[in-house]
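Peer 1: Take a look at this one; I'll ask things after.
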Amino acid sequence: MKKDKTLPEERELDPFYAPNTHGQSFRVAIYSWLQPLILALAAMILIYVFVGRIIGVDGKSMMPTLHDHDMLVLQHLGYQPAQGDIVVLTQRSFSDKPIVKRVIATGGQTVDVDYDANTVTVTDRDGTRQVLDEPYLGEPMRLPSSLSNAHIQVPEGSICVFGDNRNNSTDSRSPSVGTVDERCVLGRAVMILLPFQRFGVL
């Protein structure tokens with residue numbers, strides 16, 4: 001039987017020293033199992049601190065792009081809303097919870113929704129008109145049965161937001177939401193974190 005030739009002084013200095021026993025094997029197995037978990041946790045903390053925050057989708061107003069209960073990573077440091085971005089925001093006149101929508105227009109622009117032609121047109125300050133290409137819509141738009149604004153002027157410092165599930169979304173077309181102050185934007189959704197089968201960059 002091999003003798004343990006480690007000196008007593010070395011044993012005291014090495015906190016992981018243990019004779020070659022089943023107990024040591026168990027500790028090694030636990031360490032091997034914890035290591036990736038700790039690395040994943042550290043990565044999530046770094047994402048939160050340097051990229052943004054993690055938030056869940058509540059509802060189906062952004063389908064088919066986003067699904068109910070998707071977990072999103074947000075960019076919020078230095079973010080300035082831009083047309084086409086998916087953003088998470090708060091609008092107390094509508095809900096106490098954060099909502100997820102797509103930016104259609106920014107301050108100084110005008111939005112016109114034509115339900116017959118199934119188009120959304122954004123007009124810039126200089127009169128330049130742009131009919132949006134919206135491949136993310138799952139179906140043609142229907143004229144809402146409730147009160148809805150088809151012509152929206154976006155004040156400076158505000159944004160106009162619509163849901164991708166246009167026929168089942170309460171958004172800037174509704175007086176209860178209206179245009180949203182940029183200061184109410186929590187961040188831009190940059191990727192789907194969970195569920196794993198939907199993991200990816202937006």
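Ordering of the structure tokens sets the chain letters (A, B, ...), residue numbers begin anew at 1 in every chain, and ligands are numbered from 1 in the order given.
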I need the residues of range 51-140 of chain A that end up classed as strand (DSSP E) by DSSP on the backbone, written out as a PyMOL selection string.
Peer 2: chain A and resi 54-56+71-75+86-91+95-106+110-114+119-123+129-131
Peer 1: Would you mind telling me which residue in A:Asn167, A:Ser25, A:Ser61, A:Gln109 lies nearest to Leu143 in chain A when using only C-alpha atoms?
Peer 2: A:Asn167
Peer 1: Find the residues near range 101-103 of chain A: any atom within 6 Å, counting only C-alpha atoms, skip ones fewer than 3 places away on the same chain, and give them as number ranges by chain.
Peer 2: A: 83-87, 160-163
Peer 1: Please produce a file of those selected residues containing N, CA and C atoms, as a CSV table (one decimal), in the first residue's frame.
Peer 2:
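Full text of selection_1.csv as output:
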```csv
chain,number,residue,atom,x,y,z
A,83,GLN,N,-36.7,53.3,-35.2
A,83,GLN,CA,-37.8,52.6,-35.9
A,83,GLN,C,-37.4,51.2,-36.2
A,84,GLY,N,-38.3,50.3,-35.9
A,84,GLY,CA,-38.1,48.8,-36.1
A,84,GLY,C,-37.7,48.1,-34.9
A,85,ASP,N,-37.2,48.8,-33.9
A,85,ASP,CA,-36.7,48.1,-32.7
A,85,ASP,C,-37.9,47.5,-31.9
A,86,ILE,N,-37.6,46.4,-31.2
A,86,ILE,CA,-38.6,45.8,-30.3
A,86,ILE,C,-38.2,46.4,-28.9
A,87,VAL,N,-39.1,47.0,-28.2
A,87,VAL,CA,-38.8,47.7,-27.0
A,87,VAL,C,-39.7,47.2,-25.8
A,160,CYS,N,-44.0,56.1,-31.3
A,160,CYS,CA,-45.3,55.4,-31.6
A,160,CYS,C,-44.9,53.9,-31.7
A,161,VAL,N,-45.7,53.0,-31.0
A,161,VAL,CA,-45.4,51.6,-30.9
A,161,VAL,C,-46.6,50.8,-31.3
A,162,PHE,N,-46.4,49.7,-32.0
A,162,PHE,CA,-47.5,48.8,-32.4
A,162,PHE,C,-47.0,47.4,-32.0
A,163,GLY,N,-48.0,46.5,-31.8
A,163,GLY,CA,-47.7,45.1,-31.6
A,163,GLY,C,-47.6,44.4,-33.0
```
Peer 1: Just want the 8 Å neighbourhood of Asp58 in chain A, counted on only C-alpha atoms, with same-chain residues fewer than 5 positions away dropped. Output as an NGL selection string.
Peer 2: :A and (68-69 or 99)
Peer 1: Could you check the closest approach to Ala189 in chain A for each of A:Gly59, A:Leu202, A:Asp70, A:Gly107 and tell me which residue wins, using only C-alpha atoms?
Peer 2: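 Closest to Ala189 in chain A, using only C-alpha atoms: A:Leu202.
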Peer 1: DSSP on the backbone, alpha helix (DSSP H) only: what residues of chain A does that give? Format it as an MDAnalysis selection string.
Peer 2: chainID A and resid 8:13 22:46
Peer 1: A:Val100, A:Ser146, A:Ile54, A:Thr106: which is nearest Gln75 in chain A, counting only C-alpha atoms?
Peer 2: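 That would be A:Ile54, the residue with the smallest distance to Gln75 in chain A.
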Peer 1: Under the rule that only C-alpha atoms are counted, which of A:Gln197, A:Thr110, A:Ser148, A:Thr121 is the nearest residue to Glu134 in chain A?
Peer 2: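 With only C-alpha atoms as the atom set, the closest residue is A:Thr121.
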Peer 1: Counting only C-alpha atoms, which residue out of A:Ser95, A:Ser174, A:Thr123, A:Thr179 sits closest to Ile159 in chain A?
Peer 2: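 Using only C-alpha atoms, Ile159 in chain A sits closest to A:Thr179.
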Peer 1: Please provide the set of residues having any atom within 9 Å of Asp164 in chain A, restricted to only C-alpha atoms, with same-chain residues fewer than 4 positions apart removed, written as a ChimeraX atom specification.
Peer 2: /A:61-66,101-102,134,136-138,168-169
